[in-house]
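Text of input.cif (mmCIF, C-alpha atoms) as supplied:
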```cif
data_final
#
loop_
_atom_site.label_atom_id
_atom_site.label_comp_id
_atom_site.auth_asym_id
_atom_site.auth_seq_id
_atom_site.Cartn_x
_atom_site.Cartn_y
_atom_site.Cartn_z
CA MET A 18 151.69 143.84 80.68
CA ALA A 19 153.70 140.96 79.25
CA THR A 20 157.46 141.04 79.74
CA GLY A 21 159.79 140.61 76.79
CA LYS A 22 160.23 136.96 77.68
CA GLN A 23 156.47 136.45 78.02
CA ALA A 24 155.85 138.31 74.78
CA GLY A 25 158.38 136.04 73.12
CA TYR A 26 156.46 133.00 74.29
CA VAL A 27 153.22 134.46 72.92
CA LYS A 28 154.89 135.24 69.61
CA ASN A 29 156.44 131.80 69.37
CA ASP A 30 153.14 130.13 70.31
CA PHE A 31 151.39 132.09 67.58
CA ARG A 32 153.98 131.05 65.02
CA LEU A 33 153.66 127.42 66.14
CA GLU A 34 149.88 127.64 65.80
CA GLN A 35 150.25 129.11 62.32
CA GLN A 36 152.59 126.27 61.36
CA LEU A 37 150.30 123.58 62.72
CA MET A 38 147.21 125.10 61.05
CA HIS A 39 148.83 125.75 57.67
CA TYR A 40 146.09 124.04 55.68
CA ASP A 41 142.65 125.02 54.49
CA LEU A 42 139.27 123.60 53.53
CA ILE A 43 140.46 122.76 50.01
CA ASP A 44 143.23 120.62 51.52
CA LEU A 45 140.73 118.69 53.62
CA LYS A 46 138.37 118.12 50.67
CA LEU A 47 141.32 117.05 48.52
CA PHE A 48 142.52 114.62 51.18
CA VAL A 49 139.07 112.97 51.36
CA ALA A 50 138.80 112.83 47.55
CA ILE A 51 142.19 111.13 47.22
CA ALA A 52 141.37 108.70 50.02
CA ASP A 53 138.10 107.76 48.31
CA ALA A 54 139.70 107.42 44.88
CA GLY A 55 142.88 105.71 46.08
CA ASN A 56 144.68 107.83 43.53
CA VAL A 57 146.21 111.33 43.67
CA SER A 58 145.37 112.22 40.06
CA ARG A 59 141.71 111.15 40.28
CA GLY A 60 141.31 112.78 43.68
CA GLY A 61 142.85 115.99 42.39
CA ALA A 62 140.61 115.95 39.33
CA ALA A 63 137.55 115.69 41.60
CA CYS A 64 138.73 118.93 43.22
CA PHE A 65 139.68 120.54 39.88
CA LEU A 66 143.40 120.38 40.65
CA ALA A 67 146.25 119.17 38.47
CA PRO A 68 148.15 116.11 39.77
CA SER A 69 151.22 118.22 40.57
CA SER A 70 149.16 120.74 42.56
CA ALA A 71 147.33 117.94 44.39
CA SER A 72 150.61 116.22 45.30
CA LEU A 73 152.11 119.47 46.56
CA ARG A 74 149.07 120.24 48.71
CA ILE A 75 149.11 116.78 50.27
CA LYS A 76 152.86 117.08 50.94
CA ARG A 77 152.33 120.41 52.71
CA LEU A 78 149.39 118.98 54.64
CA GLU A 79 151.54 116.10 55.88
CA GLN A 80 154.29 118.57 56.86
CA ALA A 81 151.82 120.74 58.76
CA LEU A 82 150.43 117.73 60.63
CA GLY A 83 153.80 116.07 61.14
CA ALA A 84 152.49 112.71 59.97
CA GLN A 85 152.43 110.70 56.76
CA LEU A 86 148.83 110.30 55.58
CA PHE A 87 149.29 108.13 52.47
CA LYS A 88 151.46 105.21 51.51
CA ARG A 89 152.56 105.58 47.90
CA GLU A 90 152.07 102.34 45.96
CA ALA A 91 152.51 101.20 42.37
CA ARG A 92 148.84 101.65 41.43
CA GLY A 93 147.93 104.56 43.67
CA VAL A 94 147.90 105.38 47.34
CA SER A 95 146.48 103.89 50.55
CA LEU A 96 145.90 105.42 53.95
CA THR A 97 148.38 105.07 56.78
CA ARG A 98 147.06 104.65 60.31
CA ALA A 99 147.39 108.44 60.75
CA GLY A 100 145.54 108.88 57.49
CA GLN A 101 142.66 106.73 58.72
CA VAL A 102 142.32 108.90 61.83
CA MET A 103 142.55 112.02 59.67
CA LEU A 104 139.84 110.73 57.31
CA LYS A 105 137.40 110.12 60.18
CA HIS A 106 137.83 113.67 61.47
CA CYS A 107 137.76 115.22 58.00
CA ARG A 108 134.46 113.55 57.15
CA ARG A 109 132.97 114.76 60.43
CA CYS A 110 134.31 118.27 59.87
CA LEU A 111 132.98 118.50 56.31
CA THR A 112 129.61 117.05 57.35
CA ASP A 113 129.32 119.63 60.14
CA LEU A 114 130.16 122.42 57.69
CA GLU A 115 127.48 121.21 55.28
CA GLN A 116 124.99 121.06 58.12
CA MET A 117 125.97 124.58 59.17
CA HIS A 118 125.29 125.87 55.66
CA ALA A 119 121.97 123.99 55.57
CA ASP A 120 120.94 125.45 58.94
CA LEU A 121 121.93 128.98 57.94
CA ALA A 122 120.45 128.89 54.44
CA PRO A 123 116.85 129.58 55.55
CA PHE A 124 117.93 132.80 57.31
CA ALA A 125 119.30 134.13 54.05
CA ASN A 126 115.83 133.63 52.57
CA GLY A 127 113.95 135.60 55.21
CA ILE A 128 113.55 132.93 57.88
CA LYS A 129 113.44 134.60 61.30
CA ALA A 130 113.67 131.70 63.74
CA GLN A 131 114.70 128.06 64.07
CA ILE A 132 112.96 126.13 66.86
CA SER A 133 114.01 122.74 68.18
CA LEU A 134 111.15 120.49 69.34
CA SER A 135 111.95 117.08 70.85
CA ALA A 136 109.28 114.38 71.17
CA SER A 137 108.75 110.63 71.48
CA SER A 138 108.10 108.44 68.44
CA SER A 139 104.45 107.90 69.37
CA ALA A 140 103.82 111.63 69.82
CA ILE A 141 105.36 112.35 66.42
CA ALA A 142 103.33 109.57 64.82
CA THR A 143 100.06 110.79 66.32
CA PHE A 144 99.28 114.28 67.58
CA VAL A 145 102.23 116.52 66.75
CA PRO A 146 101.85 116.83 62.94
CA ASN A 147 98.22 118.03 63.10
CA ASP A 148 98.82 120.18 66.17
CA LEU A 149 101.64 122.02 64.40
CA GLN A 150 99.52 123.00 61.40
CA PRO A 151 97.95 126.17 62.89
CA TYR A 152 101.36 127.37 64.00
CA LEU A 153 103.00 126.74 60.63
CA ARG A 154 100.21 128.65 58.90
CA ALA A 155 100.51 131.57 61.33
CA TYR A 156 104.32 131.71 61.26
CA PRO A 157 105.57 130.81 57.76
CA GLU A 158 108.88 132.53 58.54
CA VAL A 159 109.76 129.97 61.26
CA ARG A 160 111.46 126.61 60.77
CA ILE A 161 111.02 123.74 63.25
CA SER A 162 113.53 120.97 63.84
CA LEU A 163 111.44 118.03 65.10
CA GLU A 164 113.69 115.40 66.68
CA GLU A 165 112.62 111.98 67.95
CA ARG A 166 114.05 111.12 71.36
CA LEU A 167 113.27 108.95 74.36
CA SER A 168 111.54 110.90 77.13
CA GLU A 169 114.59 110.96 79.40
CA ASP A 170 116.72 112.20 76.50
CA THR A 171 114.16 114.90 75.75
CA VAL A 172 114.36 116.08 79.37
CA GLU A 173 118.15 116.34 79.07
CA ALA A 174 117.85 118.16 75.74
CA VAL A 175 115.47 120.76 77.20
CA LEU A 176 117.64 121.19 80.30
CA SER A 177 120.79 121.75 78.24
CA GLY A 178 119.09 124.09 75.77
CA ARG A 179 119.52 121.71 72.83
CA ALA A 180 115.71 121.64 72.59
CA ASP A 181 113.44 124.64 73.10
CA LEU A 182 110.45 122.47 74.02
CA GLY A 183 109.86 118.77 74.55
CA ILE A 184 106.96 116.34 74.57
CA VAL A 185 107.47 113.45 76.98
CA THR A 186 105.48 110.44 78.11
CA GLY A 187 104.36 110.23 81.71
CA ARG A 188 104.22 112.54 84.69
CA LEU A 189 107.87 113.42 85.15
CA GLU A 190 109.38 115.85 87.65
CA HIS A 191 112.48 118.06 87.70
CA PRO A 192 113.13 121.18 89.78
CA ASP A 193 114.26 123.20 86.76
CA LEU A 194 111.52 122.05 84.40
CA GLU A 195 107.77 122.44 84.14
CA PHE A 196 105.54 119.69 82.72
CA LEU A 197 102.19 120.80 81.31
CA PRO A 198 99.29 118.52 80.25
CA TYR A 199 99.29 117.97 76.49
CA ARG A 200 97.52 114.79 75.30
CA LEU A 201 96.38 111.34 76.37
CA ASN A 202 97.66 108.35 74.45
CA GLU A 203 96.03 104.91 74.85
CA LEU A 204 97.81 101.67 74.07
CA VAL A 205 95.66 98.89 72.59
CA VAL A 206 96.45 95.28 71.75
CA VAL A 207 96.44 94.45 68.03
CA VAL A 208 95.96 90.79 67.05
CA PRO A 209 95.18 88.78 63.90
CA PRO A 210 91.42 88.23 63.36
CA ASP A 211 91.66 84.47 63.98
CA ASP A 212 93.62 84.87 67.22
CA PRO A 213 91.82 83.66 70.41
CA MET A 214 92.38 87.12 71.91
CA ALA A 215 90.30 88.65 69.11
CA ARG A 216 87.14 87.31 70.80
CA GLN A 217 87.89 89.07 74.09
CA GLU A 218 86.89 92.63 74.97
CA ALA A 219 90.01 93.27 77.07
CA VAL A 220 93.18 91.39 78.03
CA THR A 221 95.88 91.89 80.64
CA PHE A 222 99.50 92.59 79.77
CA SER A 223 100.47 89.39 81.57
CA ALA A 224 98.33 87.40 79.12
CA CYS A 225 99.97 89.21 76.22
CA LEU A 226 103.41 88.17 77.45
CA ASP A 227 102.56 84.56 76.63
CA ARG A 228 102.52 85.50 72.94
CA PRO A 229 105.26 86.51 70.47
CA PHE A 230 105.48 90.28 69.95
CA ILE A 231 106.03 92.45 66.92
CA CYS A 232 107.80 95.56 68.26
CA MET A 233 109.38 98.79 67.22
CA ASN A 234 113.18 98.89 67.15
CA SER A 235 114.96 99.16 70.49
CA ASP A 236 115.70 102.88 70.06
CA ALA A 237 111.96 103.72 70.13
CA ALA A 238 110.42 105.03 73.36
CA ILE A 239 107.49 102.59 73.21
CA TYR A 240 109.87 99.62 73.07
CA THR A 241 111.62 100.75 76.26
CA TYR A 242 108.26 101.37 77.90
CA LEU A 243 106.98 97.85 77.18
CA VAL A 244 110.23 96.19 78.24
CA ASN A 245 110.09 98.04 81.56
CA GLN A 246 106.46 97.04 82.12
CA ALA A 247 107.36 93.40 81.48
CA ALA A 248 110.32 93.65 83.87
CA ALA A 249 107.98 94.98 86.57
CA LEU A 250 106.17 91.63 86.29
CA HIS A 251 109.51 89.77 86.32
CA ARG A 252 108.79 88.73 82.74
CA HIS A 253 110.35 89.30 79.33
CA LEU A 254 108.90 90.19 75.95
CA ASP A 255 109.06 87.36 73.45
CA ILE A 256 110.12 89.57 70.55
CA ARG A 257 109.73 87.77 67.23
CA ILE A 258 110.38 90.70 64.91
CA GLN A 259 111.46 94.34 65.37
CA VAL A 260 110.69 96.96 62.73
CA SER A 261 110.97 100.73 62.30
CA SER A 262 107.33 101.73 61.78
CA PHE A 263 103.86 101.06 63.17
CA ALA A 264 102.63 100.35 59.63
CA ALA A 265 105.13 97.49 59.39
CA ILE A 266 103.95 96.15 62.76
CA LEU A 267 100.38 96.08 61.45
CA SER A 268 101.40 94.26 58.27
CA LEU A 269 103.22 91.57 60.22
CA ILE A 270 100.33 91.13 62.66
CA ARG A 271 97.94 90.86 59.71
CA ALA A 272 100.18 88.07 58.38
CA GLY A 273 99.92 86.19 61.69
CA ALA A 274 103.50 86.77 62.88
CA GLY A 275 102.49 87.85 66.37
CA ILE A 276 100.68 90.51 68.38
CA GLY A 277 101.56 94.11 69.16
CA LEU A 278 100.74 97.10 71.35
CA ILE A 279 100.14 100.28 69.38
CA PRO A 280 98.87 103.73 70.40
CA ARG A 281 95.23 104.09 69.38
CA PRO A 282 95.76 107.51 67.68
CA VAL A 283 98.38 105.92 65.42
CA LEU A 284 95.85 103.34 64.27
CA GLN A 285 93.49 106.12 63.15
CA THR A 286 96.02 107.02 60.45
CA LEU A 287 96.70 103.46 59.25
CA ASN A 288 94.86 100.70 57.44
CA CYS A 289 93.51 98.40 60.15
CA ASP A 290 91.78 95.94 57.82
CA GLY A 291 92.66 92.35 58.68
CA VAL A 292 93.44 92.95 62.36
CA ARG A 293 91.44 93.20 65.58
CA LEU A 294 91.83 95.76 68.37
CA VAL A 295 91.50 94.63 71.97
CA LEU A 296 91.54 96.87 75.06
CA LEU A 297 94.57 96.56 77.31
CA ASP A 298 93.28 96.10 80.86
CA GLU A 299 96.06 98.01 82.65
CA ASP A 300 96.11 101.39 84.38
CA TRP A 301 99.26 102.34 82.49
CA ALA A 302 97.59 101.71 79.11
CA ILE A 303 96.50 105.37 79.23
CA ARG A 304 99.77 107.24 78.79
CA PRO A 305 99.73 110.99 79.41
CA LEU A 306 101.86 113.14 77.16
CA THR A 307 103.19 116.35 78.71
CA LEU A 308 104.84 119.46 77.31
CA CYS A 309 108.25 120.01 78.86
CA ARG A 310 109.80 123.49 79.19
CA ARG A 311 112.39 125.25 81.35
CA ARG A 312 110.94 127.07 84.35
CA ASP A 313 113.25 130.00 83.72
CA ASP A 314 111.79 131.20 80.43
CA LYS A 315 113.70 134.48 80.15
CA HIS A 316 115.53 133.09 77.11
CA MET A 317 112.31 131.86 75.47
CA THR A 318 111.70 133.79 72.28
CA PRO A 319 108.22 135.01 71.25
CA TYR A 320 108.22 132.37 68.52
CA VAL A 321 108.83 129.55 71.05
CA LYS A 322 106.17 130.97 73.38
CA ALA A 323 103.71 131.04 70.49
CA LEU A 324 104.51 127.40 69.65
CA GLN A 325 104.01 126.43 73.27
CA GLU A 326 100.60 128.09 73.36
CA CYS A 327 99.62 126.47 70.06
CA LEU A 328 100.44 122.98 71.36
CA LEU A 329 98.74 123.56 74.70
CA SER A 330 95.61 124.87 73.00
CA ALA A 331 95.34 121.47 71.32
CA ALA A 332 95.37 119.72 74.73
CA HIS A 333 93.13 116.66 74.66
CA ALA A 334 89.64 117.05 76.16
CA GLU A 335 90.10 113.80 78.08
CA TRP A 336 92.57 115.48 80.42
CA ALA A 337 90.66 115.57 83.71
CA PRO A 338 91.62 118.04 86.49
CA GLU A 339 92.93 115.27 88.72
CA GLN A 340 95.18 114.03 85.90
CA ALA A 341 96.72 117.40 85.13
#
```
Final structure tokens representation of the file:
Amino acid sequence: MATGKQAGYVKNDFRLEQQLMHYDLIDLKLFVAIADAGNVSRGGAACFLAPSSASLRIKRLEQALGAQLFKREARGVSLTRAGQVMLKHCRRCLTDLEQMHADLAPFANGIKAQISLSASSSAIATFVPNDLQPYLRAYPEVRISLEERLSEDTVEAVLSGRADLGIVTGRLEHPDLEFLPYRLNELVVVVPPDDPMARQEAVTFSACLDRPFICMNSDAAIYTYLVNQAAALHRHLDIRIQVSSFAAILSLIRAGAGIGLIPRPVLQTLNCDGVRLVLLDEDWAIRPLTLCRRRDDKHMTPYVKALQECLLSAAHAEWAPEQA
């Protein structure tokens, strides 16, 4: 039981907290509106407040925070250094609130589950969309958040619970995770039709490194994969252009800007006229994709289990027993 002195501290702390937090969501929205407009009247009007009410709210907000947020000038207002810090946090706070409402909205309309699935860019561009179709038809009341991540980031997301399931490239290991065979993904070399490589049936990666590359942006898993393979040969990629889609890579190769390595399943969905495909003569050209899940599945919902089974049922026939 708290003594009178301890109770006094608790009471005083509560009053201090009330004083420090004496502002609301309207105050934060008003602050951002005034900062964007550079004018109290226009900012207040955006929040349906009269200039006098807007000024009073900002004054009380500054008192609650103990810092001046705006410098009053002849033609309006500008942010102080404290105001700049406040604006950064306010934008983040309001964005998070909007995201919260967006995430909760489906549940108000009868949605029963939200599943987070993390996968590499090549998996998303190839197998995942079609493999999800049976599940989406069977469970219309479920929403799936499909996030693109590098394989190592997907592993961390599954471990931390930020992702319910993950699709990663390669045969990875972790004591708390299980990796199940999903698909096989083959990298092929794409060249212009008049390129000397176009007359060959297969080429080595070392030969490719003598040519300029058209690559995905550096945040894509396939970019990291190719850079690491070049480093293993003590070589570097001669990157002429980086883009954000495989379709753009094809267009640039077709124009003669360079060569590229693209997953074969991706090419099945794109227009390959005007380019030639050449086999990549490397063991690592066949890249296994695996489904990543936590070994302790006591927190796995029936909806996540059903999604797992749906993806595994689509496992590629080329998975041989020794590869699994």
**Request:** Taking the file above as input, evaluate the PyMOL selection byres ((chain A and resi 279-290) around 7) and report the hits as a list of chain:residue names.
**Result:**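 Taken over the shown coordinates, the PyMOL selection byres ((chain A and resi 279-290) around 7) returns A:Ala142, A:Thr143, A:Asn202, A:Glu203, A:Leu204, A:Val205, A:Val206, A:Ala264, A:Gly277, A:Leu278, A:Gly291, A:Val292.
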**Prompt:** So how many Å separate CA of Phe196 in chain A and CA of Arg310 in chain A, to one decimal?
**Reply:** 6.7 Å
**Request:** Starting from the shown file, work through the PyMOL selection byres ((chain A and resi 95-102) around 7) and note down what comes out as a list in words.
**Result:**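 With the PyMOL selection byres ((chain A and resi 95-102) around 7) on this model, the match is Ala52, Gly55, Ala84, Gln85, Leu86, Phe87, Lys88, Arg89, Val94, Met103, Leu104, Lys105 and His106 of chain A.
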**Asked** Expressed in Å to a single decimal, how great is the separation between CA of Asp170 in chain A and CA of Ile184 in chain A?
**Response**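 Those two atoms sit 10.8 Å apart.
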**Message:** One number please: CA of Tyr242 in chain A to CA of Gly273 in chain A, in Å, one decimal.
**Reply:** 23.7 Å
Selection: 12 Å around Ala54 in chain A, all atoms listed in the file, excl. self and same-chain fewer than 4 positions, as a JSON list (two decimals) with C-alpha atoms, in the coordinates of the input:
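Output file out-v5.json is given in full below:
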```
[["chain", "number", "residue", "atom", "x", "y", "z"],
["A", 47, "LEU", "CA", 141.32, 117.05, 48.52],
["A", 48, "PHE", "CA", 142.52, 114.62, 51.18],
["A", 49, "VAL", "CA", 139.07, 112.97, 51.36],
["A", 50, "ALA", "CA", 138.80, 112.83, 47.55],
["A", 58, "SER", "CA", 145.37, 112.22, 40.06],
["A", 59, "ARG", "CA", 141.71, 111.15, 40.28],
["A", 60, "GLY", "CA", 141.31, 112.78, 43.68],
["A", 61, "GLY", "CA", 142.85, 115.99, 42.39],
["A", 62, "ALA", "CA", 140.61, 115.95, 39.33],
["A", 63, "ALA", "CA", 137.55, 115.69, 41.60],
["A", 64, "CYS", "CA", 138.73, 118.93, 43.22],
["A", 92, "ARG", "CA", 148.84, 101.65, 41.43],
["A", 93, "GLY", "CA", 147.93, 104.56, 43.67],
["A", 94, "VAL", "CA", 147.90, 105.38, 47.34],
["A", 95, "SER", "CA", 146.48, 103.89, 50.55],
["A", 96, "LEU", "CA", 145.90, 105.42, 53.95]]
```
**Message:** Nearest residue to Ser268 in chain A out of A:Cys107, A:Cys232, A:Ala180, A:Ala219, using only C-alpha atoms?
**Reply:**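 For Ser268 in chain A, the nearest of the given residues is A:Cys232.
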**Complete:** Between A:Thr186, A:Asn56, A:Ser70, A:Ser168, smallest distance to Ile43 in chain A by all atoms listed in the file belongs to A:Ser70
**Request:** Measuring atom to atom with only C-alpha atoms, identify which of A:Ile132, A:Leu45, A:Leu201, A:Leu121 is nearest to Gly183 in chain A.
**Result:** A:Ile132
**Message:** Calculated over only C-alpha atoms, which of the candidates A:Ala119, A:Val145, A:Val295, A:Leu111 has the smallest distance to Cys327 in chain A?
**Reply:** A:Val145
**Prompt:** Which residue out of A:Leu308, A:Ile141, A:Leu189, A:Ile276 has the minimum interatomic distance to Leu226 in chain A when only C-alpha atoms are used?
**Reply:**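 Going through A:Leu308, A:Ile141, A:Leu189, A:Ile276 one by one, the smallest distance to Leu226 in chain A is for A:Ile276.
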**Request:** May I have the residues at most 10 Å from (116.8, 124.5, 88.2) in the file's coordinates, counting all atoms listed in the file, as a ChimeraX atom specification?
**Result:** /A:176,191-194,311-313
**Message:** I'd like to know which of A:Glu173, A:Glu158, A:Glu79, A:Glu218 is closest to Arg293 in chain A, using all atoms listed in the file.
**Reply:**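 Residue with the minimum atom-to-atom distance to Arg293 in chain A: A:Glu218.
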**Request:** Find the residues with any atom within 12 Å of (154.1, 117.9, 58.0); use only C-alpha atoms and the coordinates as given in the file, and write the answer as a list in words.
**Result:**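 Within the cut-off we find Gln36, Leu37, Met38, His39, Tyr40, Leu73, Arg74, Ile75, Lys76, Arg77, Leu78, Glu79, Gln80, Ala81, Leu82, Gly83, Ala84, Gln85, Leu86 and Ala99 of chain A.
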**Request:** List the residues selected by the PyMOL selection byres ((chain A and resi 246) around 12) in the file shown, writing them as a list in words.
**Result:**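 Checked against the file, the PyMOL selection byres ((chain A and resi 246) around 12) matches Thr221, Phe222, Ser223, Cys225, Leu226, Ile239, Tyr240, Thr241, Tyr242, Leu243, Val244, Asn245, Ala247, Ala248, Ala249, Leu250, His251, Arg252, His253, Leu254, Glu299, Asp300, Trp301 and Ala302 of chain A.
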